[in-house]
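Enquirer: Can you read through this structure? Questions will come right after.
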Amino acid sequence: MGRVVSAAITIHVPGDASALSVGADGVARALEAEAAKRGERVSILRNGSRGLFWLEPLIEVVTPAGRVAYGPVTAADVPKLLAGGLLTGGAHPLRLGDINAHPYLAGQQRLTGARLGVVDPTSLDDYVAHGGYAGLKAALAMSPADVVRTVTESGLRGRGGAAFPTGIKWQTVLDQRAPQKYIACNADEGDSGTFADRMLMEGDPFSLLEGMTIAGIAVGATQGYIYLRVEYPHAARALARALTIARARGFLGDDVCGSGKRFDIAVRLGAGAYICGEETSMLESLEGRRGEVRVRPPLPAVKGLFGQPTVVNNVVTLATVPVILARGAQFYRDFGVGKSRGTVMLQLAGNVRHGGLFEAAFGMTVKQLVHDYGGGSATGRPVRAVQIGGPLGAYLPASQFDTPLEYEALAARDALLGHGGVVVFDERVDMARMARYALEFCAVESCGKCTPCRIGSTRGVEIVDRIIMARGQVDPNGAEAADLALLDELCDTMFSGSLCGLGGLTPFPVRSALRHFRDDFQRHR
Amino acid sequence: MTAEAEKLQPCVGQALARFAAEPGPLLEILHAVQNELGRVPPEAVPLIADGLNLSRAEVHGVVSFYHHFREQAPGRFVVQLCRAEACQSMNSRALEEFVRGKLRLNFGETSADGRFTLEPVYCLGNCACAPSLMVNGELHGRVTPERFGELAKEWGVS
């Protein structure tokens, strides 16, 4: 008998873009080099991120007792880690143990993101072993109308920001008679403070492909497009790999899983235009034109891509569909509160100690998220404001942190959930400057089609500039009151007169800053 | 003829051959040309317009609409600095000042020696590791002025 060769020990080192941005590749290289030097056999597996970004790079060693996590690990830590028994899950100041038991993860309900950081994003077998493609299998055994009904009954609403009931949108497309229908996935995740789409595409790409395939089968579409922002090169590579694998294994193509039904997906890259996250602008861009918004009606569900009925959903929405089909509408709608059913992928970002992905049933308060799980500001200074829902979302002051994170409660406070991004600011934030930035961003990204957005944003920047310049000065002529009134009126015009959400929602951050942080705009401080 | 001018015809030709039959192919073609040449030269516009049976104005309109497409050649290192809110909350404005000073560039400028281009970017999806920047497609998070100084040293900027 030959000598026993010990099997290589698997170490998970995230290949997620955020993990890479803080040195994960260096850690992977150091692990390989150092293990070779020590004569130890390791096999590095590049998983997605679990979403506990303050602990990245977070590595996990597979031991007989389960996965043992360490983080945040730098390349310089690796020699000592290996010497200290990393490969057997040995003690070390960076040892976190079973990461699922970490309060940040234990407090979550991961449905859409259940496989993030767990599976190998390049392995379809791993995806299936963790419940993947069970939803498609269930859908293929149902009638298209029943698939749509299941999605409707789950209570799923579009997670891209508009929160429109997904099942109703699908029903509209199903009801259309057309030679061709499309599924268009909006992966133009442009809101600051959001990264859930990116994490899913990089860390669990098959879930998006499965969701799109289910959508295609449900409404009778044979072609899907993923409109991916060019700022996400890592996601582009992950999707390309996953598409090749899914096609080779018969999960996409002319005969999806032997059902005789056809569905395929192509990735189309955007080109750095925030407005293309607006659905009609995205369709224009997919058709190869300037991303100028279309006037609605007709709705994309009736006349969308290339004039055909089109389901437009964002990544999180589509990636949530498989779990709904696999476990049933009732299972999903049992999470959440009121009209906000299921789980929401909150993204905690900015000046916060424990930033990351937090998927939980709708209804937790801002305070729970930012303070209990987020640990307050990264700088240790008092938290003054959060902006929820990206650059078009309102700022909430600390006095309103009891607001539950769900659609209706936020709307009642003139705020919106958007794509679920929560950006934290400490006491040093200058809210007049943030209001100015909101208007400046609108001016930079306006498609130019309608006047309130194109011109209003620039006039708004000028007004806020005047207000900022005049701070601390005397005001004999009442110029301050005049400027504030003018800004308010401008916000009215943009809100009521813009064609789409860019011009129409820019007043949200501006007005919330004015309402809750008036001092920052005033002359005598 | 410059090296680029020689490459222009075959590059556009290949992109057209590959994508022209697809629905709505213009952005795909522009990406292919820019990936190959580093920019979309104004001379490419009439060639693409001919190939797709579009007017030059339509093609130029698309090139100029999108921030990503550039008519001028970029520097060897394209530094894209995030200006969005999450990065601002982690003091990216100070980083911005530092980077501008270090590279002696404003946003949208390329250094005279052709080494650097500095561009603003609005969110890189790295908001829990702010502030962020991307250099030639490589993402960097938790960037402090000190960290940027180290990166700049690797590029030969002291």
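Residues are referred to by chain and number: the chain letter is A, B, ... according to the order shown in the structure tokens, the number counts from 1 in that chain, and ligands are numbered separately from 1 in the order shown.
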Write down, as a JSON list (two decimals) with C-alpha atoms, in the first residue's frame, each residue of chain A that has any atom within 7 Å of an atom of chain B, counting only C-alpha atoms.
Expert:
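Saved result, out.json, follows:
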```json
[["chain", "number", "residue", "atom", "x", "y", "z"],
["A", 17, "ALA", "CA", -14.98, 43.10, -5.61],
["A", 18, "SER", "CA", -15.20, 44.71, -2.17],
["A", 21, "SER", "CA", -10.55, 46.19, -2.89],
["A", 22, "VAL", "CA", -9.14, 45.62, 0.57],
["A", 53, "PHE", "CA", -17.45, 44.10, 4.98],
["A", 190, "GLY", "CA", -26.11, 53.22, -9.57],
["A", 191, "ASP", "CA", -27.37, 54.38, -6.17],
["A", 192, "SER", "CA", -24.65, 55.33, -3.75],
["A", 193, "GLY", "CA", -24.76, 53.03, -0.76],
["A", 194, "THR", "CA", -26.02, 50.00, -2.64],
["A", 195, "PHE", "CA", -24.22, 46.82, -3.58],
["A", 231, "GLU", "CA", -18.49, 50.11, -13.33],
["A", 233, "PRO", "CA", -16.25, 44.55, -14.33],
["A", 271, "ALA", "CA", -21.64, 53.10, -20.35],
["A", 272, "GLY", "CA", -21.63, 55.18, -17.21],
["A", 273, "ALA", "CA", -25.01, 56.89, -17.15],
["A", 286, "LEU", "CA", -30.39, 48.47, -24.68],
["A", 287, "GLU", "CA", -31.65, 49.44, -28.12],
["A", 288, "GLY", "CA", -28.37, 51.25, -28.73],
["A", 289, "ARG", "CA", -29.52, 54.83, -28.30],
["A", 290, "ARG", "CA", -28.97, 57.74, -25.94],
["A", 348, "LEU", "CA", -25.45, 49.58, 5.40],
["A", 349, "ALA", "CA", -22.73, 51.87, 4.17],
["A", 350, "GLY", "CA", -20.75, 55.04, 4.57],
["A", 351, "ASN", "CA", -19.61, 56.22, 7.96],
["A", 355, "GLY", "CA", -21.08, 48.16, 7.20],
["A", 356, "GLY", "CA", -22.43, 45.40, 5.02],
["A", 423, "VAL", "CA", -25.70, 55.67, 4.15],
["A", 424, "VAL", "CA", -24.60, 56.91, 7.56],
["A", 425, "PHE", "CA", -23.18, 60.38, 8.28]]
```
Enquirer: Can you tell me how far CA of Gly253 (chain A) sits from CA of Ala21 (chain B), in Å to one decimal?
Expert: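 We find that CA of Gly253 (chain A) and CA of Ala21 (chain B) lie 19.4 Å from each other.
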Enquirer: Where in region 247-451 of chain A does DSSP assign helix (DSSP H, G or I), given as a PyMOL selection string?
Expert: chain A and resi 247-248+256-258+274-277+279-286+305-307+315-327+329-333+366-373+390-392+398-400+407-411+431-445+451
Enquirer: When you look at Phe148 (chain B) with a cut-off of 9 Å (counting only C-alpha atoms), what residues show up, excluding the ones that are within fewer than 3 positions of it in the same chain? I need them as a count of residues only.
Expert: 9
Enquirer: If you run DSSP on this backbone, which residues of region 32-139 of chain B come out as strand (DSSP E), and could you give them as a list in words?
Expert: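 Residues of region 32-139 of chain B classed as strand (DSSP E): Phe77, Val78, Val79, Gln80, Leu81, Cys82, Phe116, Thr117, Leu118, Glu119, Pro120, Val121, Leu133, Met134, Val135, Glu138 and Leu139 of chain B.
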Enquirer: Hey, can you spit out that residue selection with C-alpha atoms as an mmCIF file, in the first residue's frame?
Expert:
```cif
data_model
loop_
_atom_site.group_PDB
_atom_site.id
_atom_site.type_symbol
_atom_site.label_atom_id
_atom_site.label_comp_id
_atom_site.auth_asym_id
_atom_site.auth_seq_id
_atom_site.Cartn_x
_atom_site.Cartn_y
_atom_site.Cartn_z
ATOM 1 C CA PHE B 77 -3.473 54.947 -15.591
ATOM 2 C CA VAL B 78 -7.115 55.956 -15.459
ATOM 3 C CA VAL B 79 -7.889 56.938 -11.880
ATOM 4 C CA GLN B 80 -11.623 56.985 -11.212
ATOM 5 C CA LEU B 81 -12.450 58.551 -7.886
ATOM 6 C CA CYS B 82 -15.876 58.026 -6.360
ATOM 7 C CA PHE B 116 -2.633 59.724 -15.800
ATOM 8 C CA THR B 117 -6.264 60.526 -16.385
ATOM 9 C CA LEU B 118 -8.407 61.587 -13.436
ATOM 10 C CA GLU B 119 -12.138 60.985 -13.709
ATOM 11 C CA PRO B 120 -15.043 61.347 -11.303
ATOM 12 C CA VAL B 121 -17.249 58.318 -10.872
ATOM 13 C CA LEU B 133 -11.434 54.475 -6.329
ATOM 14 C CA MET B 134 -10.785 52.343 -9.374
ATOM 15 C CA VAL B 135 -7.566 52.278 -11.365
ATOM 16 C CA GLU B 138 -8.941 47.491 -10.268
ATOM 17 C CA LEU B 139 -11.004 48.496 -7.253
#
```
